[in-house]
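A quick write-up on the structure given underneath.
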Amino acid sequence: MTQTFRIENAGLINREKKISFKFNNKSYFGYEGDTLASALIANGVHLVGRSFKYHRPRGFFGAGVDEPYAIVQLYRNGETEPNIKATEQELFEGLEAKSVNCWPSVNFDIGAINNFLKIFLPAGFYYKTFMWPKSFWYRIYEPFIRKAAGLGVASTKHDKERYEHKYEYCDLLIAGSGPSGLASAYAAAKNGAKVILAEDKPRFGGSLLTSDVNIGNQSGKDWAEGIIAELKSMPNVVVKNRSQIFGYYDHNMLVMSEKVSDHLPATKKYHPNKRLWYIRAKQVLISSGSIERPIVFGNNDTPGVMLSSAAKEYLKVYGVLVGRKPLVFTNNDSGYETAIEFKKHGVDPIVLDTRKNPESEIIDEAKNLGINVKNSYVVVAAQGYKKVKSADIASISEDKKQLGKIENLQCDCICVSGFWTPTIHLASQSGNKTKFKEEIDAFVPGQSKQNEITLGAANGVFSLDETLKTSFKAGSELSKKITENDNEIAIPNVVEKKSSQHDKFWCVPLPKGKNYKRFLDFQNDVAVSDVEIALREGYRSIEHVKRYTTLGMATDQGKTSNLNGLQLVSEIENKVVPAVGHTTFRPPYTPVSIGAIVGREVGKHSKPTRKSPMHSWHEKNNAVFVDAGVWLRPRYYKRGNENLFEASKREAKNVRTNVGVCDVTTLGKIDVKGPDAAELLNRVYTNAWLKLPVGKARYGVMLREDGIVMDDGTTTRISENHYHMTTTTAQAANVLSHLEYYLQLVWPELNVNVVSTTEQWAGAAIAGPKSRDILQKLFPNSDVSNEGLPFMGYMEGDFFGVKARIYRISFSGELAYEVNVESDYGNFMWEKIIEVGEEFNIQPYGTEALSTLRIEMGHVAGSELDGRTIPFDNALEGLVSKKKDFIGKRSLQRSAFIAEDRQRIVGVVPLDKQTSIPEGSHLVKDDKAPLPNPKLGHISASCWSVEYDNPFSLAILKDGKNMIGQKLYAMSPLKNKVIPVEIVSSHYVDPKGERVRS
Amino acid sequence: MLYINCPHCGMRSQNEFSYGGDASVKRPELNKEVSDQEWDDFVYNRKSLRGKHLELWQHISGCRQWIKVERDTATHEIFRTFKADEEVA
Ligand SMILES: [Zn+2]
């Protein structure tokens with residue numbers, strides 16, 4: 001197939017390398033260096049999609065980031081990605097893309113009926129129409145709107161691409177590699193500053209790639225190439241293309257998305273798809289250039305209507321003609337530059353200039369080339385449905401109110417230039433107070449809040465000479481402050497053509513009797529009439545107009561629509577534009593893929609995984625693991641075809657009758673050392689700690705200052721000034737911070753140090769009536785008898801040559817010990833315990849059996865210490881000292897905390913002794929009561945009691961103390977269960993606690 | 001993301017720190033009679049200031065020290081930082 005719109009001897013593409021691709025299932029080819037947009041236009045394809053609201057045919061409007069509507073669904077290497085701008089997507093072999101927002105096809109789209117019913121779809125239509133009746137929303141309106149709206153489809157598959165994050169620091173970060181960016185980067189680099197230069201396009205040079213200028217006796221493009229080559233060779237400079245700085249955040253941190261692989265058929269091995277750079281810069285130079293502004297006229301969204309700068313870029317960069325009969329519609333000299341390029345390549349353009357009699361070098365050149373120029377002329381409306389076929393044009397009066405006789409002019413594209421809008425998004429995001437610059441009818445950066453400066457066209461400076469001078473100077477001065485070097489740089493001589501004043505004309509009036517749609521915002525389908533309606537209905541603030549009409553929203557962020565929208569509001573409101581103000585520019589400047597934001601933190605990398613030293617043994621022995629905070633813990637050890645219920649019952653039963661061993665390495669451990677250690681514990685825990693002897697452990701409860709239980713655990717006095725504190729697995733980090741807070745800020749006079757030792761010790765809990773028998777065999781030289789090592793006792797022991805700590809503490813309620821050795825010996829310890837325990841029928845048990853054992857005993861854990869309960873609620877008031885003060889004590893006097901009918905922990909048994917009660921069930925008096933049924937309490941934890949062989953639960957129940965023996969209902973609407981229950985003591989098994997002391 | 005000057009470690013990004021609230025709050029002394037009002041002021045009542053605010057941060061992924069940071073709550077500007085035991089003038 002021939003590329004009918006590709007011309008010879010133009011463009012920067014590589015014609016040696018053909019690339020084939022598919023668009024809407026049809027095969028085409030382009031060249032290396034093409035974008036999807038340039039390749040399609042070369043093949044004469046202008047219809048790429050349907051508009052958001054009215055489903056009108058849409059083509060290409062820009063040639064890069066400014067593109068509001070050439071958005072496609074991309075297919076690459078078996079993956080699909082929505083929201084891809086065809087003007088930014090580089091061509092690669094095998095690329096496939098499809099139109100979005102059209103059904104069944106882009107050529108015949110059912111939704112286009114909206115276009116003919118457009119009178120029914122004005123601004124605010126959705127708000128007004130789809131509100132009533134309310135019941136229609138979920139069934140009818142929402143599915144309809146969902147089907148009708150949207151730009152592409154997100155993939156539901158796992159993304160197999162890899163994304164990286166990178167943190168970088170630099171002296172100067174420069175956004176944009178046009179003349180301004182290059183000049184300031186060069187000057188700063190020469191002063192030895194650490195510079196990062198970022199360009200969002202594949203090619204460096206910005207406007208120099210398309211403008212007809214001369215710098216230092218070279219073409220602008222050659223000069224740019226020379227500078228880039230030199231910058232790349234300098235060790236203090238990082239030069240990045242395909243990299244968009246999309247967000248400017250606090251304290252000069254900017255985020256840049258680098259497309260590493262999007263231009264390739266598949267991501268190379270070991271390469272990421274995208275790399276997100278977090279850059280902390282001492283100084284930011286914004287050289288983001290400007291975007292051409294459209295002029296608003298009838299049907300200005302017809303495919304074939306585009307920015308004149310885009311037409312020039314397609315020609316000069318890609319060697320592609322956007323049409324063979326171009327009409328240029330301009331209010332300034334830029335349109336002439338595009339016309340001149342057409343003419344130089346053998347195409348005859350016609351220029352309509354809204355100005356009466358402009359004079360400049362550029363206009364002279366155009367006229368000398370024989371280009372047909374019509375002054376005081378405008379395009380009234382584009383004609384043609386899927387592509388521009390002709391234009392209705394007319395002369396316009398000097399006051400720009402009266403149109404002359406409408407003439408029809410044959411053309412196949414309309415290239416529009418309504419002057420230039422500085423790209424101030426980054427400056428605005430940084431907190432810069434932008435200001436309105438009358439001469440260019442646009443906002444430019446004003447007072448900086450952070451260390452940023454905006455240069456060149458982004459600052460409203462459109463003269464190349466001035467841009468280069470100010471940028472060299474800024475780069476040089478700002479870097480000098482940082483590096484204290486001052487290398488002088490000769491500023492090159494610039495040859496550019498002078499241009500004349502533009503015309504402040506932006507919108508063509510409607511001719512009598514015509515009702516053309518005149519679009520302001522092409523992405524969101526917002527027309528002049530929509531803004532008029534919003535204002536008529538009383539929306540005044542530009543922020544409200546934006547939301548009511550959707551003007552300037554979504555991924556486009558008003559790149560081409562912003563100023564024309566403001567012009568319209570200011571005209572209707574009879575205010576000047578600066579008085580209307582502009583809406584807030586929000587990051588990201590361009591869409592960023594979610595994968596890039598997430599980076600490597602996906603799947604198992606989304607949080608660290610901690611494994612105990614015994615992990616491999618658990619794996620080998622069929623452990624089924626569960627996440628416990630960041631730890632992986634065995635939930636149960638599967639034997640044969642056992643399920644969770646069967647296995648955990650077996651394990652728990654074995655602890656009650658024989659002996660079990662549980663990996664408790666994950667418990668938080670904190671070393672508390674120093675002469676004031678006892679005093680600290682005494683202030684932190686609710687019970688007394690000053691008299692704990694060396695070699696003894698004590699159970700403690702700590703509160704927050706608001707009286708709520710924060711954590712519990714045992715702490716052991718290892719030696720005179722050394723305590724070993726344990727915390728729950730979940731609260732380990734918070735407790736350490738809590739202690740550090742009081743030691744550093746509240747009681748700095750206490751001479752104590754705390755440090756986490758969680759990972760230094762491996763722990764095994766040996767629990768059950770036969771545990772002492774095992775211990776005696778493990779420590780033959782130690783006296784572990786009931787007298788030698790009583791309940792809550794502690795000793796050190798020799799574990800087959802390894803130093804061990806032995807604590808006689810129990811969570812299961814059985815006679816139990818906890819043995820700790822240094823982590824490296826953890827697996828050795830574990831295997832020895834299993835080996836020695838074999839004759840006593842030892843079995844390992846997991847967290848599920850552990851829960852069963854503690855629930856039966858009425859021992860509280862995280863599900864009761866849930867940040868809402870005080871000691872009394874957990875039947876721990878006996879541990880609250882009346883004599884001494886401690887953290888949170890004063891709060892316990894609050895009236896609600898001392899109320900007679902205060903909630904309290906109880907046991908719950910189903911009346912049928914069969915039905916397990918779902919955790920989270922609510923306890924109510926009457927299961928038939930009308931809603932909202934008063935809730936008396938909730939089930940905090942449930943198990944199958946191995947002692948009594950029936951279900952048993954713990955609950956936090958209002959007035960729990962006086963509820964023992966009562967019959968209530970446990971209701972779980974989620975599980976659709978209503979279970980009659982009896983309230984019993986929370987100490988279901990061994991209420992006197994004899995076993996632990998046996 | 002804020003850039004915080006830890007008096008012990010130097011300039012570090014916000015994601016190394018955790019926030020600790022108003023630094024001007026003084027805990028009542030232990031064993032002292034405290035009225036309900038005083039205790040509520042200590043535990044619950046905070047001014048939601050707009051402007052300069054002295055606050056606590058802990059350099060949790062660094063030196064683990066609690067530090068005081070003088071920050072503008074509206075602009076995020078950080079004026080000064082102090083060690084835990086430094087008096088703020
Ligand atoms: Zn630090």
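Identifiers for the structure tokens are assigned positionally: chains receive A, B, ... in sequence, residues are indexed from 1 per chain, and ligands are indexed from 1 in the order shown.
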
Could you list the protein, DNA and RNA residues that have any atom within 10 Å of ligand 1, counting only C-alpha atoms and all ligand atoms, and write them as a ChimeraX atom specification?
/B:4-12,16-17,58-67,83

Please identify every residue of chain A that has at least one atom no more than 9 Å from any atom of chain B, counting only C-alpha atoms, and report them as a PyMOL selection string.
chain A and resi 249-253+280+431+449+683+705-706+737+740-741+744-746+748+884-887+890-891+894

Go ahead and save the picked residues with N, CA, C and O atoms, as an mmCIF file, in the first residue's frame.
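Output file part_2.cif follows:
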data_model
loop_
_atom_site.group_PDB
_atom_site.id
_atom_site.type_symbol
_atom_site.label_atom_id
_atom_site.label_comp_id
_atom_site.auth_asym_id
_atom_site.auth_seq_id
_atom_site.Cartn_x
_atom_site.Cartn_y
_atom_site.Cartn_z
ATOM 1 N N TYR A 249 5.701 18.585 43.541
ATOM 2 C CA TYR A 249 5.181 18.432 44.891
ATOM 3 C C TYR A 249 5.983 19.279 45.884
ATOM 4 O O TYR A 249 6.863 20.043 45.483
ATOM 5 N N ASP A 250 5.671 19.100 47.175
ATOM 6 C CA ASP A 250 6.290 19.932 48.205
ATOM 7 C C ASP A 250 7.804 19.755 48.266
ATOM 8 O O ASP A 250 8.334 18.696 47.983
ATOM 9 N N HIS A 251 8.444 20.828 48.700
ATOM 10 C CA HIS A 251 9.883 20.840 48.966
ATOM 11 C C HIS A 251 10.681 20.380 47.750
ATOM 12 O O HIS A 251 11.580 19.549 47.850
ATOM 13 N N ASN A 252 10.292 20.934 46.629
ATOM 14 C CA ASN A 252 10.998 20.699 45.365
ATOM 15 C C ASN A 252 11.201 19.231 45.028
ATOM 16 O O ASN A 252 12.264 18.834 44.569
ATOM 17 N N MET A 253 10.167 18.444 45.276
ATOM 18 C CA MET A 253 10.211 17.078 44.789
ATOM 19 C C MET A 253 9.315 16.975 43.562
ATOM 20 O O MET A 253 8.155 17.352 43.613
ATOM 21 N N ARG A 280 14.535 15.073 43.854
ATOM 22 C CA ARG A 280 14.596 16.209 44.772
ATOM 23 C C ARG A 280 15.637 17.155 44.182
ATOM 24 O O ARG A 280 16.811 16.807 44.088
ATOM 25 N N GLY A 431 2.767 25.799 43.412
ATOM 26 C CA GLY A 431 2.226 26.818 44.311
ATOM 27 C C GLY A 431 2.483 28.226 43.810
ATOM 28 O O GLY A 431 2.191 29.205 44.497
ATOM 29 N N LYS A 449 6.756 30.039 44.847
ATOM 30 C CA LYS A 449 6.671 29.609 46.233
ATOM 31 C C LYS A 449 7.857 28.711 46.567
ATOM 32 O O LYS A 449 8.389 28.739 47.657
ATOM 33 N N ARG A 683 5.892 2.714 85.130
ATOM 34 C CA ARG A 683 5.067 3.804 84.583
ATOM 35 C C ARG A 683 4.300 3.371 83.346
ATOM 36 O O ARG A 683 3.260 3.931 83.021
ATOM 37 N N GLU A 705 -2.747 6.852 76.677
ATOM 38 C CA GLU A 705 -3.123 7.896 77.635
ATOM 39 C C GLU A 705 -4.641 8.014 77.765
ATOM 40 O O GLU A 705 -5.152 8.509 78.758
ATOM 41 N N ASP A 706 -5.378 7.576 76.736
ATOM 42 C CA ASP A 706 -6.834 7.685 76.828
ATOM 43 C C ASP A 706 -7.466 6.502 77.563
ATOM 44 O O ASP A 706 -8.684 6.361 77.571
ATOM 45 N N SER A 737 8.009 2.413 69.592
ATOM 46 C CA SER A 737 7.871 3.863 69.402
ATOM 47 C C SER A 737 7.297 4.544 70.645
ATOM 48 O O SER A 737 7.702 5.645 71.008
ATOM 49 N N GLU A 740 9.972 4.804 73.244
ATOM 50 C CA GLU A 740 10.931 5.834 72.832
ATOM 51 C C GLU A 740 10.350 7.232 73.046
ATOM 52 O O GLU A 740 11.061 8.162 73.435
ATOM 53 N N TYR A 741 9.065 7.373 72.795
ATOM 54 C CA TYR A 741 8.398 8.659 72.996
ATOM 55 C C TYR A 741 8.555 9.114 74.442
ATOM 56 O O TYR A 741 8.978 10.238 74.718
ATOM 57 N N GLN A 744 12.337 9.736 75.401
ATOM 58 C CA GLN A 744 13.016 10.881 74.770
ATOM 59 C C GLN A 744 12.344 12.209 75.084
ATOM 60 O O GLN A 744 13.018 13.230 75.194
ATOM 61 N N LEU A 745 11.026 12.189 75.213
ATOM 62 C CA LEU A 745 10.318 13.461 75.312
ATOM 63 C C LEU A 745 9.698 13.739 76.680
ATOM 64 O O LEU A 745 9.683 14.890 77.121
ATOM 65 N N VAL A 746 9.158 12.718 77.329
ATOM 66 C CA VAL A 746 8.405 12.977 78.548
ATOM 67 C C VAL A 746 9.269 12.805 79.796
ATOM 68 O O VAL A 746 9.262 13.643 80.686
ATOM 69 N N PRO A 748 12.931 12.258 80.006
ATOM 70 C CA PRO A 748 14.319 12.076 79.554
ATOM 71 C C PRO A 748 15.262 11.808 80.725
ATOM 72 O O PRO A 748 16.379 11.326 80.527
ATOM 73 N N LYS A 884 -0.088 3.322 92.488
ATOM 74 C CA LYS A 884 0.877 4.118 91.718
ATOM 75 C C LYS A 884 0.219 4.722 90.484
ATOM 76 O O LYS A 884 -0.844 4.287 90.039
ATOM 77 N N ASP A 885 0.900 5.708 89.915
ATOM 78 C CA ASP A 885 0.407 6.329 88.682
ATOM 79 C C ASP A 885 1.057 5.620 87.484
ATOM 80 O O ASP A 885 2.134 5.015 87.612
ATOM 81 N N PHE A 886 0.411 5.657 86.335
ATOM 82 C CA PHE A 886 0.963 5.050 85.125
ATOM 83 C C PHE A 886 0.285 5.676 83.913
ATOM 84 O O PHE A 886 -0.718 6.395 84.055
ATOM 85 N N ILE A 887 0.807 5.387 82.775
ATOM 86 C CA ILE A 887 0.275 5.980 81.539
ATOM 87 C C ILE A 887 -1.196 5.591 81.371
ATOM 88 O O ILE A 887 -1.533 4.419 81.392
ATOM 89 N N ARG A 890 -5.257 8.240 84.618
ATOM 90 C CA ARG A 890 -6.235 9.290 84.886
ATOM 91 C C ARG A 890 -7.505 9.109 84.038
ATOM 92 O O ARG A 890 -8.606 9.405 84.489
ATOM 93 N N SER A 891 -7.319 8.571 82.848
ATOM 94 C CA SER A 891 -8.488 8.389 81.963
ATOM 95 C C SER A 891 -9.457 7.347 82.501
ATOM 96 O O SER A 891 -10.645 7.384 82.184
ATOM 97 N N ARG A 894 -12.825 8.357 83.992
ATOM 98 C CA ARG A 894 -13.906 8.950 83.199
ATOM 99 C C ARG A 894 -15.214 8.225 83.484
ATOM 100 O O ARG A 894 -15.235 7.009 83.704
#

Out of A:Gln429, A:Ser942, A:Gln73, A:Ser463, which residue has the shortest atom-to-atom distance to Val213 (chain A) when counting only C-alpha atoms?
A:Ser463

In Å and to one decimal, CA of Asn493 (chain A) is distant from CA of Ala183 (chain A) by 12.9 Å

Please identify which residues in region 204-244 of chain A DSSP calls alpha helix (DSSP H) from the backbone, and express them as a ChimeraX atom specification.
/A:220-232

Write out as a PyMOL selection string each polymer residue whose atoms come within 12 Å of Leu681 (chain A), counting only C-alpha atoms; drop sequence neighbours fewer than 5 positions from it.
chain A and resi 670-676+686-692+698-702+714-717+721-725+739+742-743+750+752-754+884-887

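The residue set within 9 Å of Arg46 (chain B), counting only C-alpha atoms and dropping same-chain residues fewer than 5 places from it, reads Asp22, Val25 and Asp41 of chain B.
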
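Separating CA of Leu91 (chain A) from CA of Tyr318 (chain A) is a distance of 11.9 Å.
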
Spatial neighbours of Val580 (chain A), max dist 12 Å, only C-alpha atoms, sep filter under 2 positions, as a list in words
Lys435, Phe436, Phe443, Arg540, Ser541, Ile542, Glu543, His544, Val545, Asn562, Leu563, Gly565, Leu566, Gln567, Leu568, Val569, Ser570, Glu571, Ile572, Glu573, Asn574, Lys575, Val576, Val577, Pro578, His582 and Thr583 of chain A

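If you measure from each of A:Gly192, A:Gly178, A:Pro973, A:Pro844 to His922 (chain A) using only C-alpha atoms, the closest one turns out to be A:Pro973.
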
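Each of B:Thr81, B:Ala89, B:Asn15, B:Val69 was checked against Glu55 (chain B) using only C-alpha atoms; the smallest atom-to-atom distance is that of B:Val69.
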
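Separating CA of Ile71 (chain A) from CA of Thr87 (chain A) is a distance of 8.5 Å.
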
Shell of 10 Å around Asp465 (chain A), only C-alpha atoms, local chain residues under 6 positions omitted, as a ChimeraX atom specification
/A:179,215,456,471,491-496

Please dump the current selection as a compact mmCIF listing (two decimals), in the first residue's frame; keep N, CA and C atoms.
# COMPACT_ATOMS: atom_id res chain seq x y z
N PRO A 179 14.78 25.25 23.13
CA PRO A 179 15.92 26.19 23.21
C PRO A 179 16.21 26.63 24.64
N ILE A 215 20.99 29.39 14.69
CA ILE A 215 21.71 29.71 15.94
C ILE A 215 23.19 29.44 15.72
N GLY A 456 11.54 31.03 28.83
CA GLY A 456 11.16 30.83 27.43
C GLY A 456 9.66 30.95 27.22
N SER A 471 17.86 32.27 29.26
CA SER A 471 18.07 30.90 29.74
C SER A 471 19.53 30.62 30.03
N ILE A 491 27.31 33.55 24.17
CA ILE A 491 25.93 33.33 23.71
C ILE A 491 25.90 33.43 22.19
N PRO A 492 25.40 32.37 21.54
CA PRO A 492 25.47 32.37 20.07
C PRO A 492 24.54 33.41 19.44
N ASN A 493 24.91 33.77 18.24
CA ASN A 493 24.12 34.73 17.47
C ASN A 493 22.87 34.05 16.93
N VAL A 494 21.75 34.75 16.99
CA VAL A 494 20.48 34.15 16.58
C VAL A 494 19.90 34.88 15.37
N VAL A 495 19.48 34.11 14.36
CA VAL A 495 18.74 34.71 13.25
C VAL A 495 17.33 34.16 13.27
N GLU A 496 16.36 35.02 13.47
CA GLU A 496 14.96 34.60 13.44
C GLU A 496 14.15 35.71 12.79
